[in-house]
Structures are given as structure tokens and as C-alpha cells.
Amino acid sequence: MSILKIVEYGNPILREKSKEVTKISKKVKTLVSNLLETMYHANGVGLAGVQVGELLRIFVIDVSDPEGPIDPIVFINPKIIKKSGAINSYEGCLSFPKAYTNVRRYKNVTVKALDINGRPFIKEARDGELLARAIQHEFDHLDGKLFIDHSRNYFETTNILQKCNLPPVEKERLIEEKELEEEIVEFEKAHPEVIEKQRQEMEETQKQQERQNEKQN
Ligand SMILES: [Zn+2]
């Protein structure tokens, strides 16, 4: 197993579409092991093939408690077969060092994929849990889409990218999600405590980031 170099935003490969896996070959198995090792090394919760320069429809996710035992899930040739509801998601990406922003996501998703042995499985993630958001984030990578394309606030995201010395948001790539946005706004109006929770989540993420920076320096 080896730790691979993660491709950063600005590299055009991140906008390319990944190809279906036709055979779970030795090469595919090695790639999956390396994706996992690279993801854990970078303290991430998900990583897609394209992020290490392999345009194959594969991603790995582990949303378990970082203090507890690992619980990796491997998704090969995934398809999102059901999605519903809307939620605000404060996200980052291993290809966007230190940049976090608010994006729109579905609340519930069901995905069908193959596991590392080529066996099909179905995974359901609900209520906007981290797994639900991570599946959508990683799935997007396979189609050359990025989390910033779902930004709720173009200016906010552009500012954040600038601060992180990353290229700006490509306006023409922004995905119009009027219905999702309306549902999120309505929900936030009815539940002000949710906004407070999001604010805390943002603060916590920023603190974690600062602690990591201190460790590195
Ligand atoms: Zn990502």
C-alpha cells in the first residue's frame, strides 16, 4: 500500500468524467487500498479515484469516529437510485486544502454499487447524516463535478477559495438548485436552532483546522 499524491483544485483532471470499472482486477484492488491509505493519512472521510489521477468510477468513504476502529466502505460503479429532501452541508474536500463552504445537498440518498469483491450492495443514508452528504460529494467527483458547484453563496465561496490560494469558482459550473435552496431556506426559517448548530459546526471545523496547522508547523 502507498500514500498517493492528492490532485488539487486547478488541475483540469478534476473536471473529467471517470470510466466504469469493467473488471475488479489486481490494479483496481491496489488502487482501492491506496485510496484508503491516502484518505486516512489525510484525515479525510472520502476520496475518489480521480483525486489521485485515476479516472475510474471508484470512491471510498469512512464516516466512523476517528478515535474508534476504522469502517471503510468501497463503492465501485455507484449509482444513486433515490434522493429526497434538502439540507445545508458545510463541506471541504481533500483536493481543496483548508477551504470549507456551505453547499446544498439532498437529505436522503440510496446508492447501489459493487464492493471490492464485485458483489452488488445497496446503501441507504438518511436525515442528512455525514454518510448521505459524503456519498453525494464523492459521487460528483466521478462526473467531474465539485462541491463548490453546489455553493449556496457564490461570493462567500469565492472569498474562501481566494484566502486558501485556490482558483476561483467557475460561475458557469454553478448548479442551479432552486427547489433545494427553497426547501433549505424554509427549513432554516422554521428551525433557527439548526442555523446555530451549523454555526457551531463551522467554528469546530475551523478550530480543528487551526490545530492541524499548529501540528504541521
Ligand atoms: Zn472531494
# chains A, B, ... in the order shown; residues from 1 in each chain; ligands from 1
call {"tool": "residues_around", "arguments": {"residues": "segment 74-79 of chain A", "least_positions_apart": "2", "cutoff": "7 Å", "atoms": "only C-alpha atoms", "output": "list in words"}}
result
Glu20, Val21, Arg57, Ile58, Phe59, Val60, Ile61, Pro72, Ile81, Val111, Lys112, Ala113, Leu114, Asp115 and Ile116 of chain A
call {"tool": "write_last_selection", "arguments": {"atoms": "C-alpha atoms", "output": "PDB file, in the first residue's frame"}}
result
ATOM      1  CA  GLU A  20     -16.858   2.398 -15.439  1.00  0.00           C
ATOM      2  CA  VAL A  21     -14.783  -0.378 -13.917  1.00  0.00           C
ATOM      3  CA  ARG A  57     -15.678   5.116 -11.090  1.00  0.00           C
ATOM      4  CA  ILE A  58     -14.468   4.252  -7.598  1.00  0.00           C
ATOM      5  CA  PHE A  59     -14.613   6.047  -4.279  1.00  0.00           C
ATOM      6  CA  VAL A  60     -14.037   5.157  -0.645  1.00  0.00           C
ATOM      7  CA  ILE A  61     -15.734   6.580   2.438  1.00  0.00           C
ATOM      8  CA  PRO A  72     -14.283   1.757   5.298  1.00  0.00           C
ATOM      9  CA  ILE A  81     -31.042   5.349  -7.256  1.00  0.00           C
ATOM     10  CA  VAL A 111     -26.892   4.196  -3.684  1.00  0.00           C
ATOM     11  CA  LYS A 112     -26.270   0.939  -5.490  1.00  0.00           C
ATOM     12  CA  ALA A 113     -22.677  -0.129  -6.108  1.00  0.00           C
ATOM     13  CA  LEU A 114     -20.255  -3.040  -6.251  1.00  0.00           C
ATOM     14  CA  ASP A 115     -17.985  -3.867  -3.340  1.00  0.00           C
ATOM     15  CA  ILE A 116     -14.301  -4.778  -3.614  1.00  0.00           C
TER      16      ILE A 116
END
call {"tool": "select_by_dssp", "arguments": {"residues": "segment 103-137 of chain A", "states": "strand (DSSP E)", "output": "VMD selection string"}}
result
chain A and resid 103 to 105 108 to 114 120 to 125
call {"tool": "write_last_selection", "arguments": {"atoms": "C-alpha atoms", "output": "PDB file, in the first residue's frame"}}
result
ATOM      1  CA  VAL A 103     -23.438  23.762  -0.173  1.00  0.00           C
ATOM      2  CA  ARG A 104     -26.841  22.267  -0.983  1.00  0.00           C
ATOM      3  CA  ARG A 105     -27.335  18.534  -0.700  1.00  0.00           C
ATOM      4  CA  ASN A 108     -31.593  11.172   1.911  1.00  0.00           C
ATOM      5  CA  VAL A 109     -29.869   9.082  -0.718  1.00  0.00           C
ATOM      6  CA  THR A 110     -29.851   5.443  -1.718  1.00  0.00           C
ATOM      7  CA  VAL A 111     -26.892   4.196  -3.684  1.00  0.00           C
ATOM      8  CA  LYS A 112     -26.270   0.939  -5.490  1.00  0.00           C
ATOM      9  CA  ALA A 113     -22.677  -0.129  -6.108  1.00  0.00           C
ATOM     10  CA  LEU A 114     -20.255  -3.040  -6.251  1.00  0.00           C
ATOM     11  CA  PRO A 120     -23.597  -5.567  -5.617  1.00  0.00           C
ATOM     12  CA  PHE A 121     -24.902  -3.840  -2.496  1.00  0.00           C
ATOM     13  CA  ILE A 122     -27.346  -1.082  -1.634  1.00  0.00           C
ATOM     14  CA  LYS A 123     -26.622   1.597   0.946  1.00  0.00           C
ATOM     15  CA  GLU A 124     -29.199   3.963   2.314  1.00  0.00           C
ATOM     16  CA  ALA A 125     -28.200   7.155   4.135  1.00  0.00           C
TER      17      ALA A 125
END
call {"tool": "residues_near_ligand", "arguments": {"ligand": "ligand 1", "cutoff": "7 Å", "atoms": "only C-alpha atoms and all ligand atoms", "output": "PyMOL selection string"}}
result
chain A and resi 47+92-95+137-138+141+146-147
call {"tool": "closest_residue", "arguments": {"among": "A:Ile135, A:Ile148, A:Leu56, A:Leu161", "to": "Ile24 of chain A", "atoms": "only C-alpha atoms"}}
result
A:Leu56
call {"tool": "residues_around", "arguments": {"residues": "Gln208 of chain A", "least_positions_apart": "6", "cutoff": "12 Å", "atoms": "only C-alpha atoms", "output": "ChimeraX atom specification"}}
result
/A:43,98,201-202,214-215
call {"tool": "residues_around", "arguments": {"residues": "Thr38 of chain A", "least_positions_apart": "4", "cutoff": "10 Å", "atoms": "only C-alpha atoms", "output": "PyMOL selection string"}}
result
chain A and resi 1-6+32-34+42-44+46-47+52
call {"tool": "closest_residue", "arguments": {"among": "A:Arg119, A:Val185, A:Gly128, A:Val50", "to": "Tyr9 of chain A", "atoms": "only C-alpha atoms"}}
result
A:Val50
call {"tool": "atom_distance", "arguments": {"atom1": "atom CA of Ile184 of chain A", "atom2": "atom CA of Ala86 of chain A"}}
result
5.9 Å
call {"tool": "atom_distance", "arguments": {"atom1": "atom CA of Asn153 of chain A", "atom2": "atom CA of Lys83 of chain A"}}
result
22.8 Å
call {"tool": "atom_distance", "arguments": {"atom1": "atom CA of Arg173 of chain A", "atom2": "atom CA of Asp127 of chain A"}}
result
27.0 Å
call {"tool": "select_by_dssp", "arguments": {"residues": "segment 75-205 of chain A", "states": "helix (DSSP H, G or I)", "output": "ChimeraX atom specification"}}
result
/A:130-142,147-150,154-163,171-173,178-190,192-205
call {"tool": "closest_residue", "arguments": {"among": "A:Lys163, A:Lys145, A:Arg211, A:Arg199", "to": "Lys17 of chain A", "atoms": "only C-alpha atoms"}}
result
A:Lys145
call {"tool": "closest_residue", "arguments": {"among": "A:Tyr106, A:Tyr40, A:Phe187, A:Phe96", "to": "Ala132 of chain A", "atoms": "only C-alpha atoms"}}
result
A:Tyr106
call {"tool": "closest_residue", "arguments": {"among": "A:Gly144, A:Gln200, A:Ala99, A:Glu172", "to": "Glu156 of chain A", "atoms": "only C-alpha atoms"}}
result
A:Ala99
